[in-house]
Every structure is written in C-alpha cells, then in structure tokens.
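*Asks:* I am attaching a structure below and will ask some questions about it afterwards.
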Amino acid sequence: MNVADCYRLLGLRSGASFAEIKASYRRLARQYHPDVNPGDQRAKEKFIELTAAYKLLLTTVKSSEGQASQGQGTASNAAATSPTTKSPPPTPKVTVKRATSETQVKVTKKQPGVEFNPQLSETEQKLKQRVYEQLQQLLRDQRFPKAVTIVEGLAQRIPQDPEVRQWQAIVYQRLGRHLVSQKQLDKARIYLKKALRTDPHNRSLWAEVERDFRRIEQML
C-alpha cells in the first residue's frame, strides 16, 4: 500500500494535515470497529486496512514535518550568524491562567471515544458520552430499533453536533442492512435513504449503502 492509496482509503486528498488524517481515521475506525460489527469479516478487514493506512500516513507526515522543522532551524542559524542580521525584539511573555473551577476542568476534559465539542454544555457533553456508550452496546446486541430511538432523541437535543449526525446515519444504515437480511426490502430502502440524507457528505457511508442496495437488487 503506497501513500496515495492510504489517503484514498481514508477519504482524504493528498497532502492532508495531521489533524485531518486523525479525524478521518477516528470516524472510520468507529464505523468499522469489530465491536460495532460483530461477525462482519468485511468490516474487520476494512478496519485493519484503515489502521495500516493511518500508521503509514502518520509516519510520512511526521517525517515531512521533521524535515521542514530542520530546514527552518538551519535557516534560522544562518541568519543568526550573519553580521548584517539584527537580533529580533524579545518576545513578550504570555501568562496562561489555569482553570481554578472544577466545572471548567470537567468541561474541557476529552471523553474517550467521543469528540469534544466546545459548543456543548457540560450536561450535553455528558449526555453525548452516555448515549455513545449505549449505542455501542445496542449495535453489538443488534437492537437496532432501540438504537434509532436513542440517537434520534440525542439529535433533537443537540442538533448542532456533526458527530451525532454521523452516529444517526450509521444507525440508520445498520438497521437498513439488518432489514435486508430479514428480507424486509421496502423498509430497508427507507432507512438506507434516511442514512444518506442524514450524512450526505460521508463517502464511506455512501459506499456501504450502495453495497446494501446491490444486495437488494440481487434479491429481487
């Protein structure tokens, strides 16, 4: 697997930043994680490919950034030794105040498995974390209708959070796939289309939904 394949696998343009690589990997890893897709060999293989691509890109990006930093350091040293170069003015010190309130510390603490959204209140962030854990268990148990109810309620409570919309779309897609396996094809189409409307820019989701629609066509 070359670097170009890694970017393509993570749905990124070539030369994406470290932050973009990390965000894309975390989103896709949650979608294809074996705990979320028990018994799904394709999802397991996809997760392994994503992890390998992520590690390779991390090595590449860090190496590029290290070379750039080394080049900047060499240029700075050359400028410092030049007799015609004036010394830069001293940088003013900036004092950063530490949070003294216990509430402030809790709000800024990143919860495992859930992206921190500064626009959410502490209560909303805790609710989001709790629902995330519930969804993980419900998807493992294949209790898809219950998962839909919970994620739709969360989406109504905090509609401004893009990560919640991703969860909602994934739950719709998983329910649609389950309905296909149960040969409830009309209901399956409804939830698969709802998944695409909920998160229309998720290319990985589109690929999964297209696969589900192909299965439906084969069963007709």
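Ligands are numbered from 1 in the order shown, residues from 1 within each chain, and chains are lettered A, B, ... in the order they appear in the structure tokens.
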Leaving out Leu127 of chain A and any residue of its chain fewer than 3 positions from it, which residues lie within 12 Å of it when counting only C-alpha atoms, given as a JSON list (two decimals) with N, CA, C and O atoms, in the first residue's frame?
*Replies:*
```json
[["chain", "number", "residue", "atom", "x", "y", "z"],
["A", 111, "GLN", "N", -13.53, 13.13, 26.54],
["A", 111, "GLN", "CA", -14.05, 11.82, 26.90],
["A", 111, "GLN", "C", -13.57, 10.79, 25.89],
["A", 111, "GLN", "O", -13.46, 11.07, 24.70],
["A", 114, "VAL", "N", -15.36, 9.90, 22.14],
["A", 114, "VAL", "CA", -16.27, 10.97, 21.74],
["A", 114, "VAL", "C", -15.48, 12.25, 21.54],
["A", 114, "VAL", "O", -14.70, 12.64, 22.40],
["A", 120, "LEU", "N", -20.94, 22.63, 23.17],
["A", 120, "LEU", "CA", -21.88, 21.93, 24.04],
["A", 120, "LEU", "C", -21.63, 22.29, 25.50],
["A", 120, "LEU", "O", -20.50, 22.55, 25.91],
["A", 121, "SER", "N", -22.70, 22.27, 26.27],
["A", 121, "SER", "CA", -22.56, 22.47, 27.70],
["A", 121, "SER", "C", -22.02, 21.19, 28.34],
["A", 121, "SER", "O", -21.95, 20.13, 27.70],
["A", 122, "GLU", "N", -21.65, 21.29, 29.60],
["A", 122, "GLU", "CA", -21.14, 20.11, 30.30],
["A", 122, "GLU", "C", -22.20, 19.01, 30.35],
["A", 122, "GLU", "O", -21.90, 17.83, 30.15],
["A", 123, "THR", "N", -23.45, 19.40, 30.59],
["A", 123, "THR", "CA", -24.54, 18.43, 30.63],
["A", 123, "THR", "C", -24.72, 17.73, 29.29],
["A", 123, "THR", "O", -24.89, 16.51, 29.22],
["A", 124, "GLU", "N", -24.67, 18.51, 28.21],
["A", 124, "GLU", "CA", -24.83, 17.94, 26.88],
["A", 124, "GLU", "C", -23.67, 17.02, 26.53],
["A", 124, "GLU", "O", -23.86, 15.98, 25.89],
["A", 130, "ARG", "N", -22.78, 9.36, 27.30],
["A", 130, "ARG", "CA", -23.61, 8.26, 27.79],
["A", 130, "ARG", "C", -24.35, 7.58, 26.64],
["A", 130, "ARG", "O", -24.43, 6.34, 26.58],
["A", 131, "VAL", "N", -24.88, 8.38, 25.70],
["A", 131, "VAL", "CA", -25.60, 7.81, 24.56],
["A", 131, "VAL", "C", -24.66, 7.03, 23.65],
["A", 131, "VAL", "O", -25.01, 5.98, 23.13],
["A", 132, "TYR", "N", -23.44, 7.55, 23.49],
["A", 132, "TYR", "CA", -22.45, 6.84, 22.67],
["A", 132, "TYR", "C", -22.22, 5.43, 23.23],
["A", 132, "TYR", "O", -22.19, 4.45, 22.48],
["A", 133, "GLU", "N", -22.05, 5.33, 24.53],
["A", 133, "GLU", "CA", -21.81, 4.01, 25.15],
["A", 133, "GLU", "C", -23.03, 3.11, 24.99],
["A", 133, "GLU", "O", -22.90, 1.90, 24.75],
["A", 134, "GLN", "N", -24.24, 3.69, 25.11],
["A", 134, "GLN", "CA", -25.46, 2.89, 24.93],
["A", 134, "GLN", "C", -25.56, 2.38, 23.49],
["A", 134, "GLN", "O", -25.93, 1.22, 23.26],
["A", 150, "ILE", "N", -32.93, 6.13, 20.47],
["A", 150, "ILE", "CA", -32.00, 6.86, 21.32],
["A", 150, "ILE", "C", -31.23, 7.92, 20.53],
["A", 150, "ILE", "O", -31.09, 9.07, 20.96],
["A", 151, "VAL", "N", -30.73, 7.55, 19.36],
["A", 151, "VAL", "CA", -29.91, 8.50, 18.60],
["A", 151, "VAL", "C", -30.76, 9.63, 18.03],
["A", 151, "VAL", "O", -30.30, 10.78, 17.91],
["A", 153, "GLY", "N", -33.38, 10.89, 19.54],
["A", 153, "GLY", "CA", -33.60, 11.77, 20.68],
["A", 153, "GLY", "C", -32.40, 12.66, 20.95],
["A", 153, "GLY", "O", -32.54, 13.85, 21.24],
["A", 154, "LEU", "N", -31.19, 12.09, 20.83],
["A", 154, "LEU", "CA", -29.98, 12.87, 21.04],
["A", 154, "LEU", "C", -29.83, 13.93, 19.94],
["A", 154, "LEU", "O", -29.42, 15.06, 20.21],
["A", 155, "ALA", "N", -30.17, 13.58, 18.70],
["A", 155, "ALA", "CA", -30.07, 14.53, 17.59],
["A", 155, "ALA", "C", -31.03, 15.70, 17.77],
["A", 155, "ALA", "O", -30.71, 16.82, 17.38],
["A", 157, "ARG", "N", -31.88, 16.83, 20.73],
["A", 157, "ARG", "CA", -31.37, 17.58, 21.89],
["A", 157, "ARG", "C", -30.18, 18.45, 21.49],
["A", 157, "ARG", "O", -30.08, 19.62, 21.92],
["A", 158, "ILE", "N", -29.26, 17.92, 20.69],
["A", 158, "ILE", "CA", -28.07, 18.68, 20.27],
["A", 158, "ILE", "C", -27.90, 18.56, 18.75],
["A", 158, "ILE", "O", -26.98, 17.89, 18.27],
["A", 164, "VAL", "N", -22.90, 13.62, 16.15],
["A", 164, "VAL", "CA", -24.17, 12.96, 16.46],
["A", 164, "VAL", "C", -24.90, 12.60, 15.16],
["A", 164, "VAL", "O", -25.51, 11.54, 15.03]]
```
*Asks:* At a cut-off of 10 Å, can you tabulate as JSON lines every residue of segment 166-196 of chain A near segment 28-31 of chain A together with its closest atom pair and the distance in Å to one decimal, using only C-alpha atoms and ordering rows by chain then number?
*Replies:*
```
{"residue": "A:Gln166", "atom": "CA", "partner": "A:Gln31", "partner_atom": "CA", "distance": 9.4}
{"residue": "A:Trp167", "atom": "CA", "partner": "A:Gln31", "partner_atom": "CA", "distance": 8.7}
{"residue": "A:Ile170", "atom": "CA", "partner": "A:Gln31", "partner_atom": "CA", "distance": 7.3}
{"residue": "A:Val171", "atom": "CA", "partner": "A:Gln31", "partner_atom": "CA", "distance": 9.9}
```
*Asks:* Which residue, A:Gly15, A:Pro200, A:Pro159, A:Pro38, has the smallest gap to Gln119 of chain A when you use only C-alpha atoms?
*Replies:*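 Among the listed residues, A:Pro159 lies closest to Gln119 of chain A.
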*Asks:* Would you list the contacts of Asn202 of chain A as a list in words, taking every protein, DNA or RNA residue within 12 Å and counting only C-alpha atoms, but skipping same-chain residues closer than 5 positions in sequence?
*Replies:*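 Once the adjacent positions are removed, what remains is Leu10, Gly11, Leu12, Ser24, Arg27, Leu28, Gln31, Pro162, Glu163, Arg165, Gln166, Trp167, Ala169, Ile170, Ala195, Leu196, Arg197, Ala207, Glu208 and Val209 of chain A.
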*Asks:* Residues as selected, all heavy atoms, written as a short mmCIF file (atom, residue, chain, number, x, y, z; two decimals), in the first residue's frame, can you do that?
*Replies:*
```cif
data_model
loop_
_atom_site.label_atom_id
_atom_site.label_comp_id
_atom_site.auth_asym_id
_atom_site.auth_seq_id
_atom_site.Cartn_x
_atom_site.Cartn_y
_atom_site.Cartn_z
N LEU A 10 -8.64 6.59 3.38
CA LEU A 10 -9.19 7.40 4.46
C LEU A 10 -10.09 8.53 3.95
O LEU A 10 -10.56 9.35 4.73
CB LEU A 10 -8.05 8.00 5.29
CG LEU A 10 -7.24 7.00 6.12
CD1 LEU A 10 -6.07 7.68 6.79
CD2 LEU A 10 -8.11 6.34 7.17
N GLY A 11 -10.30 8.56 2.64
CA GLY A 11 -11.19 9.57 2.07
C GLY A 11 -10.62 10.98 2.11
O GLY A 11 -11.35 11.94 2.28
N LEU A 12 -9.29 11.08 1.96
CA LEU A 12 -8.63 12.37 2.08
C LEU A 12 -7.92 12.73 0.78
O LEU A 12 -7.59 11.87 -0.03
CB LEU A 12 -7.59 12.33 3.22
CG LEU A 12 -8.13 12.08 4.62
CD1 LEU A 12 -6.97 11.77 5.57
CD2 LEU A 12 -8.92 13.29 5.13
N SER A 24 -10.31 11.79 10.30
CA SER A 24 -10.91 10.84 9.36
C SER A 24 -10.74 9.40 9.84
O SER A 24 -11.67 8.60 9.78
CB SER A 24 -10.27 11.01 7.98
OG SER A 24 -10.84 10.11 7.05
N ARG A 27 -13.16 8.63 12.77
CA ARG A 27 -14.54 8.47 12.33
C ARG A 27 -14.74 7.12 11.65
O ARG A 27 -15.70 6.39 11.96
CB ARG A 27 -14.89 9.59 11.35
CG ARG A 27 -16.26 9.46 10.71
CD ARG A 27 -16.59 10.69 9.87
NE ARG A 27 -15.60 10.93 8.85
CZ ARG A 27 -15.53 10.26 7.70
NH1 ARG A 27 -16.40 9.29 7.44
NH2 ARG A 27 -14.60 10.54 6.81
N LEU A 28 -13.83 6.74 10.76
CA LEU A 28 -13.98 5.48 10.05
C LEU A 28 -13.73 4.28 10.96
O LEU A 28 -14.38 3.24 10.82
CB LEU A 28 -13.00 5.45 8.87
CG LEU A 28 -13.30 6.45 7.74
CD1 LEU A 28 -12.16 6.48 6.73
CD2 LEU A 28 -14.62 6.11 7.05
N GLN A 31 -16.75 3.40 12.76
CA GLN A 31 -17.75 2.78 11.90
C GLN A 31 -17.45 1.31 11.63
O GLN A 31 -18.35 0.48 11.59
CB GLN A 31 -17.82 3.55 10.58
CG GLN A 31 -18.86 3.01 9.61
CD GLN A 31 -18.95 3.85 8.35
OE1 GLN A 31 -18.42 4.96 8.29
NE2 GLN A 31 -19.61 3.33 7.35
N PRO A 162 -22.05 17.70 14.64
CA PRO A 162 -21.91 16.86 13.43
C PRO A 162 -21.63 15.40 13.74
O PRO A 162 -22.01 14.52 12.97
CB PRO A 162 -20.73 17.50 12.69
CG PRO A 162 -19.95 18.24 13.75
CD PRO A 162 -20.97 18.71 14.74
N GLU A 163 -20.97 15.12 14.86
CA GLU A 163 -20.66 13.74 15.20
C GLU A 163 -21.94 12.96 15.52
O GLU A 163 -22.06 11.79 15.17
CB GLU A 163 -19.70 13.68 16.39
CG GLU A 163 -19.11 12.31 16.61
CD GLU A 163 -18.09 12.28 17.73
OE1 GLU A 163 -18.20 13.08 18.68
OE2 GLU A 163 -17.16 11.46 17.65
N ARG A 165 -24.83 13.50 14.16
CA ARG A 165 -25.45 13.21 12.87
C ARG A 165 -24.80 11.98 12.22
O ARG A 165 -25.47 11.17 11.58
CB ARG A 165 -25.35 14.41 11.93
CG ARG A 165 -26.28 15.56 12.30
CD ARG A 165 -26.45 16.52 11.15
NE ARG A 165 -25.19 17.13 10.75
CZ ARG A 165 -24.69 18.22 11.30
NH1 ARG A 165 -25.35 18.83 12.27
NH2 ARG A 165 -23.55 18.74 10.89
N GLN A 166 -23.48 11.84 12.38
CA GLN A 166 -22.80 10.67 11.85
C GLN A 166 -23.30 9.40 12.52
O GLN A 166 -23.57 8.39 11.86
CB GLN A 166 -21.29 10.80 12.06
CG GLN A 166 -20.64 11.87 11.21
CD GLN A 166 -19.14 11.99 11.49
OE1 GLN A 166 -18.59 11.24 12.31
NE2 GLN A 166 -18.49 12.93 10.84
N TRP A 167 -23.44 9.45 13.84
CA TRP A 167 -23.96 8.28 14.57
C TRP A 167 -25.35 7.93 14.06
O TRP A 167 -25.67 6.76 13.85
CB TRP A 167 -24.02 8.56 16.06
CG TRP A 167 -22.71 8.86 16.71
CD1 TRP A 167 -21.47 8.74 16.15
CD2 TRP A 167 -22.51 9.35 18.03
NE1 TRP A 167 -20.51 9.13 17.06
CE2 TRP A 167 -21.11 9.51 18.21
CE3 TRP A 167 -23.35 9.68 19.08
CZ2 TRP A 167 -20.56 9.98 19.40
CZ3 TRP A 167 -22.81 10.14 20.28
CH2 TRP A 167 -21.43 10.28 20.43
N ALA A 169 -26.75 8.55 11.17
CA ALA A 169 -26.71 7.95 9.83
C ALA A 169 -26.23 6.51 9.88
O ALA A 169 -26.76 5.64 9.17
CB ALA A 169 -25.80 8.79 8.93
N ILE A 170 -25.22 6.23 10.71
CA ILE A 170 -24.69 4.87 10.82
C ILE A 170 -25.75 3.92 11.38
O ILE A 170 -25.89 2.79 10.91
CB ILE A 170 -23.43 4.86 11.70
CG1 ILE A 170 -22.28 5.57 10.97
CG2 ILE A 170 -23.02 3.44 12.07
CD1 ILE A 170 -21.05 5.80 11.82
N ALA A 195 -30.31 7.30 5.92
CA ALA A 195 -28.89 7.38 6.28
C ALA A 195 -28.17 8.38 5.38
O ALA A 195 -27.40 9.22 5.85
CB ALA A 195 -28.24 6.00 6.18
N LEU A 196 -28.43 8.31 4.08
CA LEU A 196 -27.76 9.22 3.14
C LEU A 196 -28.22 10.66 3.33
O LEU A 196 -27.41 11.59 3.21
CB LEU A 196 -28.04 8.76 1.70
CG LEU A 196 -27.48 7.39 1.30
CD1 LEU A 196 -27.81 7.09 -0.14
CD2 LEU A 196 -25.98 7.33 1.53
N ARG A 197 -29.51 10.86 3.62
CA ARG A 197 -30.00 12.23 3.84
C ARG A 197 -29.42 12.82 5.12
O ARG A 197 -29.18 14.03 5.21
CB ARG A 197 -31.53 12.25 3.90
CG ARG A 197 -32.21 12.04 2.55
CD ARG A 197 -33.67 12.44 2.62
NE ARG A 197 -34.41 11.67 3.60
CZ ARG A 197 -35.05 10.54 3.33
NH1 ARG A 197 -35.04 10.05 2.09
NH2 ARG A 197 -35.71 9.89 4.27
N ALA A 207 -20.63 4.34 0.21
CA ALA A 207 -20.14 3.05 -0.30
C ALA A 207 -20.88 1.89 0.36
O ALA A 207 -21.24 0.91 -0.30
CB ALA A 207 -18.64 2.94 -0.05
N GLU A 208 -21.10 1.99 1.68
CA GLU A 208 -21.80 0.92 2.39
C GLU A 208 -23.26 0.83 1.94
O GLU A 208 -23.79 -0.27 1.74
CB GLU A 208 -21.74 1.18 3.90
CG GLU A 208 -20.35 1.04 4.50
CD GLU A 208 -19.77 -0.34 4.34
OE1 GLU A 208 -20.53 -1.32 4.49
OE2 GLU A 208 -18.58 -0.46 4.05
N VAL A 209 -23.90 1.98 1.78
CA VAL A 209 -25.31 1.97 1.36
C VAL A 209 -25.44 1.43 -0.07
O VAL A 209 -26.39 0.68 -0.38
CB VAL A 209 -25.90 3.39 1.46
CG1 VAL A 209 -27.30 3.44 0.84
CG2 VAL A 209 -25.98 3.82 2.93
#
```
*Asks:* What is the distance between atom CA of Ile21 of chain A and atom CA of Val61 of chain A, in Å to one decimal?
*Replies:*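 Taking atom CA of Ile21 of chain A and atom CA of Val61 of chain A, their separation equals 9.5 Å.
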*Asks:* If I take atom CA of Arg140 of chain A and atom CA of Gln184 of chain A, how far is one from the other in Å, to one decimal?
*Replies:*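 These atoms are spaced 20.7 Å apart.
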*Asks:* Find, counting only C-alpha atoms, the residue in A:Cys6, A:Ala188, A:Val36, A:Val148 that gets nearest to Lys55 of chain A.
*Replies:*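 Using only C-alpha atoms, Lys55 of chain A sits closest to A:Cys6.
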*Asks:* Which residues, written as a list in words, have at least one atom at most 12 Å from Leu185 of chain A, with only C-alpha atoms counted and residues fewer than 4 positions away on the same chain left out?
*Replies:*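 Surrounding residues, per the criterion: Leu175, Gly176, Arg177, His178, Leu179, Val180, Ser181, Arg189, Ile190, Tyr191, Leu192, Asp212, Phe213, Arg214, Arg215, Ile216, Glu217, Gln218, Met219 and Leu220 of chain A.
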*Asks:* When you count only C-alpha atoms, which of these residues is closest to Glu115 of chain A: A:His201, A:Lys46, A:Arg143, A:Lys22?
*Replies:*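 Using only C-alpha atoms, the shortest distance to Glu115 of chain A belongs to A:Lys22.
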*Asks:* Given only C-alpha atoms as the basis, pick out the residue of A:Asp5, A:Leu205, A:Gln173, A:Lys62 nearest to Leu139 of chain A.
*Replies:*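 Result for the nearest residue to Leu139 of chain A: A:Gln173.
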*Asks:* Rank A:Lys128, A:Arg42, A:Arg26, A:His33 by their smallest atom-to-atom distance to Arg211 of chain A, using only C-alpha atoms, and report the top residue only.
*Replies:*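 Nearest to Arg211 of chain A: A:Arg42.
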*Asks:* Would you please extract all helix (DSSP H, G or I) residues from segment 5-70 of chain A, as assigned by DSSP on the backbone, and give them as an mmCIF file with N, CA and C atoms, in the first residue's frame?
*Replies:*
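What landed in selection32.cif:
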```
data_model
loop_
_atom_site.group_PDB
_atom_site.id
_atom_site.type_symbol
_atom_site.label_atom_id
_atom_site.label_comp_id
_atom_site.auth_asym_id
_atom_site.auth_seq_id
_atom_site.Cartn_x
_atom_site.Cartn_y
_atom_site.Cartn_z
ATOM 1 N N ASP A 5 -2.610 5.489 -1.880
ATOM 2 C CA ASP A 5 -3.691 4.562 -1.514
ATOM 3 C C ASP A 5 -4.181 4.830 -0.097
ATOM 4 N N CYS A 6 -3.260 5.192 0.795
ATOM 5 C CA CYS A 6 -3.637 5.467 2.189
ATOM 6 C C CYS A 6 -4.561 6.681 2.264
ATOM 7 N N TYR A 7 -4.195 7.742 1.546
ATOM 8 C CA TYR A 7 -5.062 8.924 1.537
ATOM 9 C C TYR A 7 -6.439 8.573 0.982
ATOM 10 N N ARG A 8 -6.442 7.818 -0.113
ATOM 11 C CA ARG A 8 -7.712 7.465 -0.745
ATOM 12 C C ARG A 8 -8.552 6.589 0.172
ATOM 13 N N LEU A 9 -7.934 5.653 0.866
ATOM 14 C CA LEU A 9 -8.665 4.764 1.767
ATOM 15 C C LEU A 9 -9.319 5.535 2.907
ATOM 16 N N PHE A 18 -2.110 16.562 9.543
ATOM 17 C CA PHE A 18 -2.148 15.551 10.610
ATOM 18 C C PHE A 18 -3.523 15.522 11.275
ATOM 19 N N ALA A 19 -4.093 16.706 11.527
ATOM 20 C CA ALA A 19 -5.406 16.784 12.181
ATOM 21 C C ALA A 19 -6.481 16.155 11.304
ATOM 22 N N GLU A 20 -6.431 16.384 9.991
ATOM 23 C CA GLU A 20 -7.416 15.805 9.083
ATOM 24 C C GLU A 20 -7.283 14.281 9.025
ATOM 25 N N ILE A 21 -6.054 13.799 9.004
ATOM 26 C CA ILE A 21 -5.826 12.352 8.977
ATOM 27 C C ILE A 21 -6.379 11.703 10.244
ATOM 28 N N LYS A 22 -6.085 12.311 11.378
ATOM 29 C CA LYS A 22 -6.527 11.762 12.659
ATOM 30 C C LYS A 22 -8.049 11.748 12.750
ATOM 31 N N ALA A 23 -8.691 12.856 12.341
ATOM 32 C CA ALA A 23 -10.155 12.952 12.430
ATOM 33 C C ALA A 23 -10.827 11.932 11.516
ATOM 34 N N SER A 24 -10.312 11.791 10.300
ATOM 35 C CA SER A 24 -10.914 10.839 9.360
ATOM 36 C C SER A 24 -10.743 9.402 9.843
ATOM 37 N N TYR A 25 -9.563 9.085 10.374
ATOM 38 C CA TYR A 25 -9.341 7.727 10.862
ATOM 39 C C TYR A 25 -10.257 7.403 12.043
ATOM 40 N N ARG A 26 -10.385 8.333 12.978
ATOM 41 C CA ARG A 26 -11.222 8.075 14.152
ATOM 42 C C ARG A 26 -12.670 7.836 13.743
ATOM 43 N N ARG A 27 -13.159 8.634 12.773
ATOM 44 C CA ARG A 27 -14.544 8.472 12.325
ATOM 45 C C ARG A 27 -14.743 7.116 11.652
ATOM 46 N N LEU A 28 -13.829 6.742 10.759
ATOM 47 C CA LEU A 28 -13.977 5.477 10.048
ATOM 48 C C LEU A 28 -13.727 4.281 10.956
ATOM 49 N N ALA A 29 -12.778 4.422 11.888
ATOM 50 C CA ALA A 29 -12.489 3.316 12.802
ATOM 51 C C ALA A 29 -13.700 2.994 13.676
ATOM 52 N N ARG A 30 -14.412 4.049 14.109
ATOM 53 C CA ARG A 30 -15.633 3.800 14.897
ATOM 54 C C ARG A 30 -16.667 3.057 14.057
ATOM 55 N N GLN A 31 -16.750 3.398 12.765
ATOM 56 C CA GLN A 31 -17.750 2.781 11.902
ATOM 57 C C GLN A 31 -17.451 1.312 11.626
ATOM 58 N N TYR A 32 -16.145 0.974 11.458
ATOM 59 C CA TYR A 32 -15.793 -0.392 11.063
ATOM 60 C C TYR A 32 -15.209 -1.220 12.199
ATOM 61 N N GLN A 41 -16.895 -9.993 8.668
ATOM 62 C CA GLN A 41 -15.493 -10.153 8.266
ATOM 63 C C GLN A 41 -15.030 -8.995 7.388
ATOM 64 N N ARG A 42 -15.923 -8.475 6.544
ATOM 65 C CA ARG A 42 -15.548 -7.351 5.680
ATOM 66 C C ARG A 42 -15.215 -6.113 6.499
ATOM 67 N N ALA A 43 -16.028 -5.865 7.521
ATOM 68 C CA ALA A 43 -15.777 -4.709 8.376
ATOM 69 C C ALA A 43 -14.451 -4.870 9.118
ATOM 70 N N LYS A 44 -14.168 -6.104 9.552
ATOM 71 C CA LYS A 44 -12.902 -6.355 10.258
ATOM 72 C C LYS A 44 -11.711 -6.098 9.338
ATOM 73 N N GLU A 45 -11.808 -6.572 8.086
ATOM 74 C CA GLU A 45 -10.713 -6.357 7.131
ATOM 75 C C GLU A 45 -10.560 -4.879 6.816
ATOM 76 N N LYS A 46 -11.696 -4.186 6.695
ATOM 77 C CA LYS A 46 -11.650 -2.744 6.425
ATOM 78 C C LYS A 46 -10.983 -2.009 7.575
ATOM 79 N N PHE A 47 -11.303 -2.403 8.804
ATOM 80 C CA PHE A 47 -10.707 -1.770 9.982
ATOM 81 C C PHE A 47 -9.188 -1.974 9.993
ATOM 82 N N ILE A 48 -8.747 -3.185 9.639
ATOM 83 C CA ILE A 48 -7.310 -3.470 9.601
ATOM 84 C C ILE A 48 -6.623 -2.615 8.536
ATOM 85 N N GLU A 49 -7.255 -2.476 7.361
ATOM 86 C CA GLU A 49 -6.683 -1.653 6.290
ATOM 87 C C GLU A 49 -6.598 -0.189 6.714
ATOM 88 N N LEU A 50 -7.654 0.299 7.358
ATOM 89 C CA LEU A 50 -7.671 1.690 7.809
ATOM 90 C C LEU A 50 -6.551 1.950 8.814
ATOM 91 N N THR A 51 -6.371 1.025 9.733
ATOM 92 C CA THR A 51 -5.334 1.195 10.752
ATOM 93 C C THR A 51 -3.950 1.196 10.129
ATOM 94 N N ALA A 52 -3.716 0.298 9.171
ATOM 95 C CA ALA A 52 -2.413 0.245 8.497
ATOM 96 C C ALA A 52 -2.153 1.538 7.721
ATOM 97 N N ALA A 53 -3.204 2.041 7.036
ATOM 98 C CA ALA A 53 -3.050 3.280 6.274
ATOM 99 C C ALA A 53 -2.781 4.454 7.205
ATOM 100 N N TYR A 54 -3.475 4.475 8.332
ATOM 101 C CA TYR A 54 -3.300 5.559 9.300
ATOM 102 C C TYR A 54 -1.870 5.590 9.842
ATOM 103 N N LYS A 55 -1.337 4.429 10.190
ATOM 104 C CA LYS A 55 0.019 4.366 10.737
ATOM 105 C C LYS A 55 1.052 4.809 9.701
ATOM 106 N N LEU A 56 0.850 4.388 8.443
ATOM 107 C CA LEU A 56 1.793 4.777 7.396
ATOM 108 C C LEU A 56 1.759 6.280 7.151
ATOM 109 N N LEU A 57 0.543 6.846 7.135
ATOM 110 C CA LEU A 57 0.424 8.291 6.911
ATOM 111 C C LEU A 57 1.017 9.076 8.076
ATOM 112 N N LEU A 58 0.831 8.588 9.283
ATOM 113 C CA LEU A 58 1.406 9.269 10.445
ATOM 114 C C LEU A 58 2.919 9.333 10.314
ATOM 115 N N THR A 59 3.515 8.212 9.936
ATOM 116 C CA THR A 59 4.974 8.184 9.761
ATOM 117 C C THR A 59 5.414 9.154 8.675
ATOM 118 N N THR A 60 4.655 9.198 7.584
ATOM 119 C CA THR A 60 5.001 10.078 6.468
ATOM 120 C C THR A 60 4.880 11.541 6.848
ATOM 121 N N VAL A 61 3.756 11.888 7.499
ATOM 122 C CA VAL A 61 3.516 13.287 7.868
ATOM 123 C C VAL A 61 4.530 13.763 8.898
ATOM 124 N N LYS A 62 4.809 12.921 9.901
ATOM 125 C CA LYS A 62 5.777 13.311 10.933
ATOM 126 C C LYS A 62 7.165 13.490 10.327
ATOM 127 N N SER A 63 7.518 12.609 9.371
ATOM 128 C CA SER A 63 8.819 12.715 8.731
ATOM 129 C C SER A 63 8.923 14.010 7.939
ATOM 130 N N SER A 64 7.837 14.365 7.223
ATOM 131 C CA SER A 64 7.838 15.604 6.435
ATOM 132 C C SER A 64 7.939 16.823 7.336
ATOM 133 N N GLU A 65 7.173 16.786 8.454
ATOM 134 C CA GLU A 65 7.201 17.923 9.373
ATOM 135 C C GLU A 65 8.575 18.049 10.025
ATOM 136 N N GLY A 66 9.226 16.892 10.314
ATOM 137 C CA GLY A 66 10.549 16.942 10.933
ATOM 138 C C GLY A 66 11.572 17.549 9.993
ATOM 139 N N GLN A 67 11.491 17.204 8.695
ATOM 140 C CA GLN A 67 12.421 17.769 7.731
ATOM 141 C C GLN A 67 12.197 19.265 7.568
ATOM 142 N N ALA A 68 10.912 19.668 7.573
ATOM 143 C CA ALA A 68 10.618 21.091 7.447
ATOM 144 C C ALA A 68 11.150 21.868 8.641
ATOM 145 N N SER A 69 10.992 21.288 9.840
ATOM 146 C CA SER A 69 11.484 21.958 11.046
ATOM 147 C C SER A 69 13.001 22.058 11.024
ATOM 148 N N GLN A 70 13.656 20.991 10.523
ATOM 149 C CA GLN A 70 15.114 21.009 10.462
ATOM 150 C C GLN A 70 15.585 22.077 9.490
#
```
*Asks:* Would you compute the distance between atom CA of Gln129 of chain A and atom CA of Lys146 of chain A? Give it in Å to one decimal.
*Replies:*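 Here the two named atoms are 17.1 Å from each other.
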